[in-house]
Amino acid sequence: MPIDAAFDIISFTSFIVLVVLGLGVIASMMGIFNLGHGDFVLLGAYTVFVFDELGLPIWLGMTVAPFAVALVGLVLERTVIRRFYAAPIIAMLGTYAIGVVIRETVRGLIGGLYHAIPEPLPGMIDIGDISISKWRLTVILITVLVVLVSYLLLRRTTLGLKIRASLENPALARSAAISTGQIYALTFAFGCGLAGLAGALMVPAFSLSADLGVRFLIQAFLAIMLGGVGTFEGPIGGAALIGATTAAFPWVMNPILADIMVFVLAIVAIRLRPTGLFTKRRL
Amino acid sequence: MTLNPRGWPVILVLEVAVLAALLAMPAGLDHFWVIFVTRVMILALLAISFDLCWGYAGIMSFGQALFFGGAGYAVAVAARDLEITSVFIALPMAVAVGFVLSLFVGWFLLMTRFPPPIIFVALGTLTGSYIGQRLALSWYYLGGQNGIPSIPSLTVGDYPLYEGPVFYYMVLGLLLGVYLLCRWLVRSQFGLVLAGVRQQESRLTFLGYRVQTYKTMMFALAGSIAGLGGGLLAFHDGFIWPNSIGILVSTQAVIFVLFGGIGTLIGAVIGVGAIEYVGFELADRYPQIWPIILGALLLVVVMFRPTGLIGLLVPERERYGRFGKPPKGEDGDDGAA
């Protein structure tokens with residue numbers, strides 16, 4: 001069933017792309033490597049879980065999750081992250097600590113177990129002889145839409161111009177009356193919101209557990225470095241590669257080995273091409 | 001700022017005090033606490049190893065547990081399947097496993113053509129630890145989720161070393177040896193080069209030092225120490241499980257050292273003691289809350305007190321310290337800019 005497999009691979013890839021998009025926006029726009037990003041993903045997933053527990057519809061939780069996580073991100077940026085702009089290395093430790101706090105809080109709240117969340121759109125859709133899960137198709141469409149919107153936002157709007165200006169030369173941007181502080185806060189919240197969305201959308205496929213985020217954090221970081229930091233397309237390309245190999249390898253080899261192989265291959269590739277595979281054009 | 005107006009060598013005083021306390025402890029404590037302190041000393045090896053990486057060589061290692069747990073698994077498997085339990089074989093083996101693993105990882109991550117960005121090293125070590133955890137979790141030979149239970153105890157000749165005072169003093173002796181070795185090393189000319197690397201890596205490169213080689217050497221030493229700790233813990237606790245090699249213990253190492261005081265060896269040891277003791281007291285009553293507090297503590301330290309607990313006591317000047325005599329034949333680095 002090659003088409004089935006291909007569809008699986010694409011839908012898994014879209015999760016990774018979503019995680020990477022948020023992480024990449026923060027990393028390349030602000031120069032902060034957010035080691036807590038995986039746990040923002042977890043927070044998004046947890047929001048959906050809370051809605052499910054309260055008996056509210058899951059799609060509502062999925063709609064609320066990105067905004068809730070973005071809000072958490074905004075608060076954290078204003079109180080904590082902003083202190084780290086001068087010291088990006090300390091920022092890694094700081095965001096890592098934030099990640100630990102979020103992860104352990106969620107672990108405490110859900111009781112260290114796995115929780116399954118049903119898909120909000122059950123059933124299959126038939127196109128010719130192929131039947132495709134409606135929910136997965138929706139995820140793919142949402143991902144494409146989000147990537148497109150983010151791209152246009154950064155490349156075609158005034159806000160995007162301001163964001164890029166703050167990245168290129170913060171001092172000059174400030175002298176041109178751009179409030180870089182606000183821009184950074186907004187960018188960070190936006191990145192966190194994307195993480196929340198990713199977590200919310202993936203939770204039916206992966207079931208909720210406190211360590212959900214760590215795995216995606218590593219995969220997403222590998223994707224970004226594989227693609228190259230500082231561009232828009234690079235991380236997306238890296239995400240596609242990582243996602244595709246992660247989903248494809250178990251079809252051809254022992255699943256345990258497949259899982260590990262992806263990490264090993266990615267890190268070897270990064271070592272051989274430290275600037276990334278797709279870094280010709282700058283954003 | 002500090003509580004030291006008279007300029008005592010605070011670090012030395014602390015070191016002697018800690019050593020004296022550790023020497024005397026088994027006499028005044030019951031069995032339970034002897035075991036507890038033994039564990040603390042073993043974890044202190046892990047903390048020292050992270051301190052050497054990040055505090056002394058500027059290598060951000062989020063994966064120190066890979067060497068700790070890797071060596072632990074190695075000796076556990078050897079003890080289970082090959083019945084290798086002799087102290088004189090098992091512990092050197094643990095060191096060797098830690099050394100080989102960290103030399104490989106260090107070579108891979110650090111010896112690149114261009115100096116690797118710090119995020120690559122951080123991520124690489126984290127990934128290594130995560131790979132180890134996945135492997136331990138899903139490989140039946142390594143016991144999967146449950147790890148390897150009931151590892152036979154260490155032996156000296158025919159005499160088995162159970163946890164207790166004898167084990168305690170053996171660990172104390174090893175810790176002391178490792179500590180003195182590291183103390184000498186970081187204060188030697190080798191340590192001076194690394195201090196320079198932390199300040200301005202590119203300049204040291206221009207001066208002709210093979211900076212990445214120095215870092216890799218330090219990383220391999222740190223890995224060996226972590227390996228020794230992992231081997232000891234496996235025998236001491238009598239079991240090992242995937243968390244020992246994974247993210248959990250890697251994070252612990254970071255927290256211990258940053259809390260105690262990065263860049264001082266005694267800070268790492270004190271950090272382990274403080275965290276483990278408070279953790280033990282709190283984990284009983286609030287098992288859910290403790291890990292959250294640990295994370296928050298790490299955040300607070302990173303934000304407000306980068307020098308950790310030790311920074312409260314030790315003046316900045318003493319934390320930097322001196323670096324021994326320059327080697328003969330060179331009339332010393334005049335340090336002029």
# chains A, B, ... in the order shown; residues from 1 in each chain; ligands from 1
>>> closest_atom_pairs(of="chain B", to="chain A", cutoff="10 Å", atoms="only C-alpha atoms", output="Markdown table")
| residue | atom | partner | partner_atom | distance |
| --- | --- | --- | --- | --- |
| B:Met60 | CA | A:Ile89 | CA | 9.0 |
| B:Phe62 | CA | A:Leu93 | CA | 9.7 |
| B:Phe108 | CA | A:Arg271 | CA | 8.0 |
| B:Leu109 | CA | A:Arg271 | CA | 7.5 |
| B:Leu110 | CA | A:Arg271 | CA | 9.7 |
| B:Met111 | CA | A:Arg271 | CA | 10.0 |
| B:Thr112 | CA | A:Arg271 | CA | 7.4 |
| B:Arg113 | CA | A:Leu272 | CA | 9.4 |
| B:Phe114 | CA | A:Pro274 | CA | 8.7 |
| B:Pro116 | CA | A:Pro274 | CA | 7.9 |
| B:Pro117 | CA | A:Pro274 | CA | 8.8 |
| B:Ile118 | CA | A:Ile89 | CA | 7.7 |
| B:Ile119 | CA | A:Phe33 | CA | 7.6 |
| B:Phe120 | CA | A:Met225 | CA | 8.0 |
| B:Ala122 | CA | A:Met92 | CA | 9.0 |
| B:Leu123 | CA | A:Ile218 | CA | 7.3 |
| B:Gly124 | CA | A:Ile267 | CA | 7.0 |
| B:Leu126 | CA | A:Ile218 | CA | 7.8 |
| B:Thr127 | CA | A:Ile218 | CA | 6.6 |
| B:Gly128 | CA | A:Val264 | CA | 8.6 |
| B:Tyr130 | CA | A:Arg215 | CA | 8.2 |
| B:Ile131 | CA | A:Ile260 | CA | 6.1 |
| B:Gly132 | CA | A:Ile260 | CA | 9.0 |
| B:Arg134 | CA | A:Ile260 | CA | 7.5 |
| B:Leu135 | CA | A:Ile256 | CA | 7.5 |
| B:Leu137 | CA | A:Ile256 | CA | 9.6 |
| B:Ser138 | CA | A:Ile256 | CA | 6.8 |
| B:Trp139 | CA | A:Ile256 | CA | 8.1 |
| B:Ile247 | CA | A:Val214 | CA | 8.6 |
| B:Leu248 | CA | A:Val100 | CA | 9.8 |
| B:Thr251 | CA | A:Val100 | CA | 8.7 |
| B:Val254 | CA | A:Leu93 | CA | 9.0 |
| B:Ile255 | CA | A:Ala97 | CA | 9.0 |
| B:Leu258 | CA | A:Leu93 | CA | 9.7 |
| B:Pro287 | CA | A:Gly108 | CA | 8.9 |
| B:Gln288 | CA | A:Gly108 | CA | 5.2 |
| B:Ile289 | CA | A:Gly108 | CA | 7.3 |
| B:Trp290 | CA | A:Glu104 | CA | 8.8 |
| B:Pro291 | CA | A:Glu104 | CA | 6.0 |
| B:Ile292 | CA | A:Val101 | CA | 4.9 |
| B:Ile293 | CA | A:Val101 | CA | 7.5 |
| B:Leu294 | CA | A:Val101 | CA | 7.8 |
| B:Gly295 | CA | A:Val101 | CA | 4.8 |
| B:Ala296 | CA | A:Val101 | CA | 6.1 |
| B:Leu297 | CA | A:Ala97 | CA | 8.3 |
| B:Leu298 | CA | A:Ala97 | CA | 5.8 |
| B:Leu299 | CA | A:Ala97 | CA | 5.2 |
| B:Val300 | CA | A:Gly94 | CA | 8.6 |
| B:Val301 | CA | A:Gly94 | CA | 9.1 |
| B:Val302 | CA | A:Gly94 | CA | 6.1 |
| B:Met303 | CA | A:Gly94 | CA | 7.3 |
| B:Pro306 | CA | A:Ile90 | CA | 9.2 |
>>> select_by_dssp(residues="segment 30-279 of chain A", states="strand (DSSP E)", output="list in words")
Met124, Ile125, Asp126, Ile127, Ile130, Ser131, Ile132 and Ser133 of chain A
>>> closest_residue(among="B:Pro160, B:Gly69, B:Pro152, B:Gly28", to="Gly98 of chain B", atoms="only C-alpha atoms")
B:Gly69
>>> atom_distance(atom1="atom CA of Gly271 of chain B", atom2="atom CA of Ala136 of chain B")
28.2 Å
>>> decode(residues="segment 242-258 of chain A", atoms="N, CA and C atoms", output="PDB file, in the first residue's frame")
ATOM      1  N   ILE A 242      13.301  15.295   7.933  1.00  0.00           N
ATOM      2  CA  ILE A 242      13.238  14.543   9.188  1.00  0.00           C
ATOM      3  C   ILE A 242      11.903  13.802   9.290  1.00  0.00           C
ATOM      4  N   GLY A 243      10.829  14.535   9.003  1.00  0.00           N
ATOM      5  CA  GLY A 243       9.501  13.935   9.099  1.00  0.00           C
ATOM      6  C   GLY A 243       9.376  12.742   8.177  1.00  0.00           C
ATOM      7  N   ALA A 244       9.821  12.932   6.954  1.00  0.00           N
ATOM      8  CA  ALA A 244       9.665  11.863   5.970  1.00  0.00           C
ATOM      9  C   ALA A 244      10.480  10.636   6.373  1.00  0.00           C
ATOM     10  N   THR A 245      11.730  10.855   6.813  1.00  0.00           N
ATOM     11  CA  THR A 245      12.541   9.690   7.173  1.00  0.00           C
ATOM     12  C   THR A 245      11.987   9.006   8.428  1.00  0.00           C
ATOM     13  N   THR A 246      11.552   9.826   9.399  1.00  0.00           N
ATOM     14  CA  THR A 246      11.009   9.223  10.618  1.00  0.00           C
ATOM     15  C   THR A 246       9.807   8.349  10.319  1.00  0.00           C
ATOM     16  N   ALA A 247       8.969   8.840   9.424  1.00  0.00           N
ATOM     17  CA  ALA A 247       7.765   8.072   9.119  1.00  0.00           C
ATOM     18  C   ALA A 247       8.040   6.933   8.143  1.00  0.00           C
ATOM     19  N   ALA A 248       9.072   7.105   7.312  1.00  0.00           N
ATOM     20  CA  ALA A 248       9.293   6.111   6.247  1.00  0.00           C
ATOM     21  C   ALA A 248      10.137   4.936   6.721  1.00  0.00           C
ATOM     22  N   PHE A 249      11.147   5.196   7.585  1.00  0.00           N
ATOM     23  CA  PHE A 249      12.065   4.129   7.973  1.00  0.00           C
ATOM     24  C   PHE A 249      11.370   2.909   8.583  1.00  0.00           C
ATOM     25  N   PRO A 250      10.391   3.109   9.466  1.00  0.00           N
ATOM     26  CA  PRO A 250       9.779   1.914  10.058  1.00  0.00           C
ATOM     27  C   PRO A 250       9.131   0.990   9.026  1.00  0.00           C
ATOM     28  N   TRP A 251       8.861   1.492   7.817  1.00  0.00           N
ATOM     29  CA  TRP A 251       8.293   0.627   6.789  1.00  0.00           C
ATOM     30  C   TRP A 251       9.354  -0.294   6.220  1.00  0.00           C
ATOM     31  N   VAL A 252      10.605   0.096   6.318  1.00  0.00           N
ATOM     32  CA  VAL A 252      11.641  -0.719   5.669  1.00  0.00           C
ATOM     33  C   VAL A 252      12.579  -1.407   6.653  1.00  0.00           C
ATOM     34  N   MET A 253      12.550  -1.033   7.948  1.00  0.00           N
ATOM     35  CA  MET A 253      13.451  -1.713   8.883  1.00  0.00           C
ATOM     36  C   MET A 253      12.817  -1.806  10.261  1.00  0.00           C
ATOM     37  N   ASN A 254      13.491  -2.502  11.136  1.00  0.00           N
ATOM     38  CA  ASN A 254      13.083  -2.649  12.521  1.00  0.00           C
ATOM     39  C   ASN A 254      12.752  -1.276  13.141  1.00  0.00           C
ATOM     40  N   PRO A 255      11.535  -1.125  13.699  1.00  0.00           N
ATOM     41  CA  PRO A 255      11.104   0.200  14.159  1.00  0.00           C
ATOM     42  C   PRO A 255      12.035   0.849  15.179  1.00  0.00           C
ATOM     43  N   ILE A 256      12.616   0.048  16.086  1.00  0.00           N
ATOM     44  CA  ILE A 256      13.495   0.624  17.107  1.00  0.00           C
ATOM     45  C   ILE A 256      14.720   1.221  16.440  1.00  0.00           C
ATOM     46  N   LEU A 257      15.278   0.430  15.531  1.00  0.00           N
ATOM     47  CA  LEU A 257      16.463   0.869  14.816  1.00  0.00           C
ATOM     48  C   LEU A 257      16.141   2.087  13.975  1.00  0.00           C
ATOM     49  N   ALA A 258      14.964   2.085  13.371  1.00  0.00           N
ATOM     50  CA  ALA A 258      14.558   3.185  12.497  1.00  0.00           C
ATOM     51  C   ALA A 258      14.542   4.486  13.269  1.00  0.00           C
TER      52      ALA A 258
END
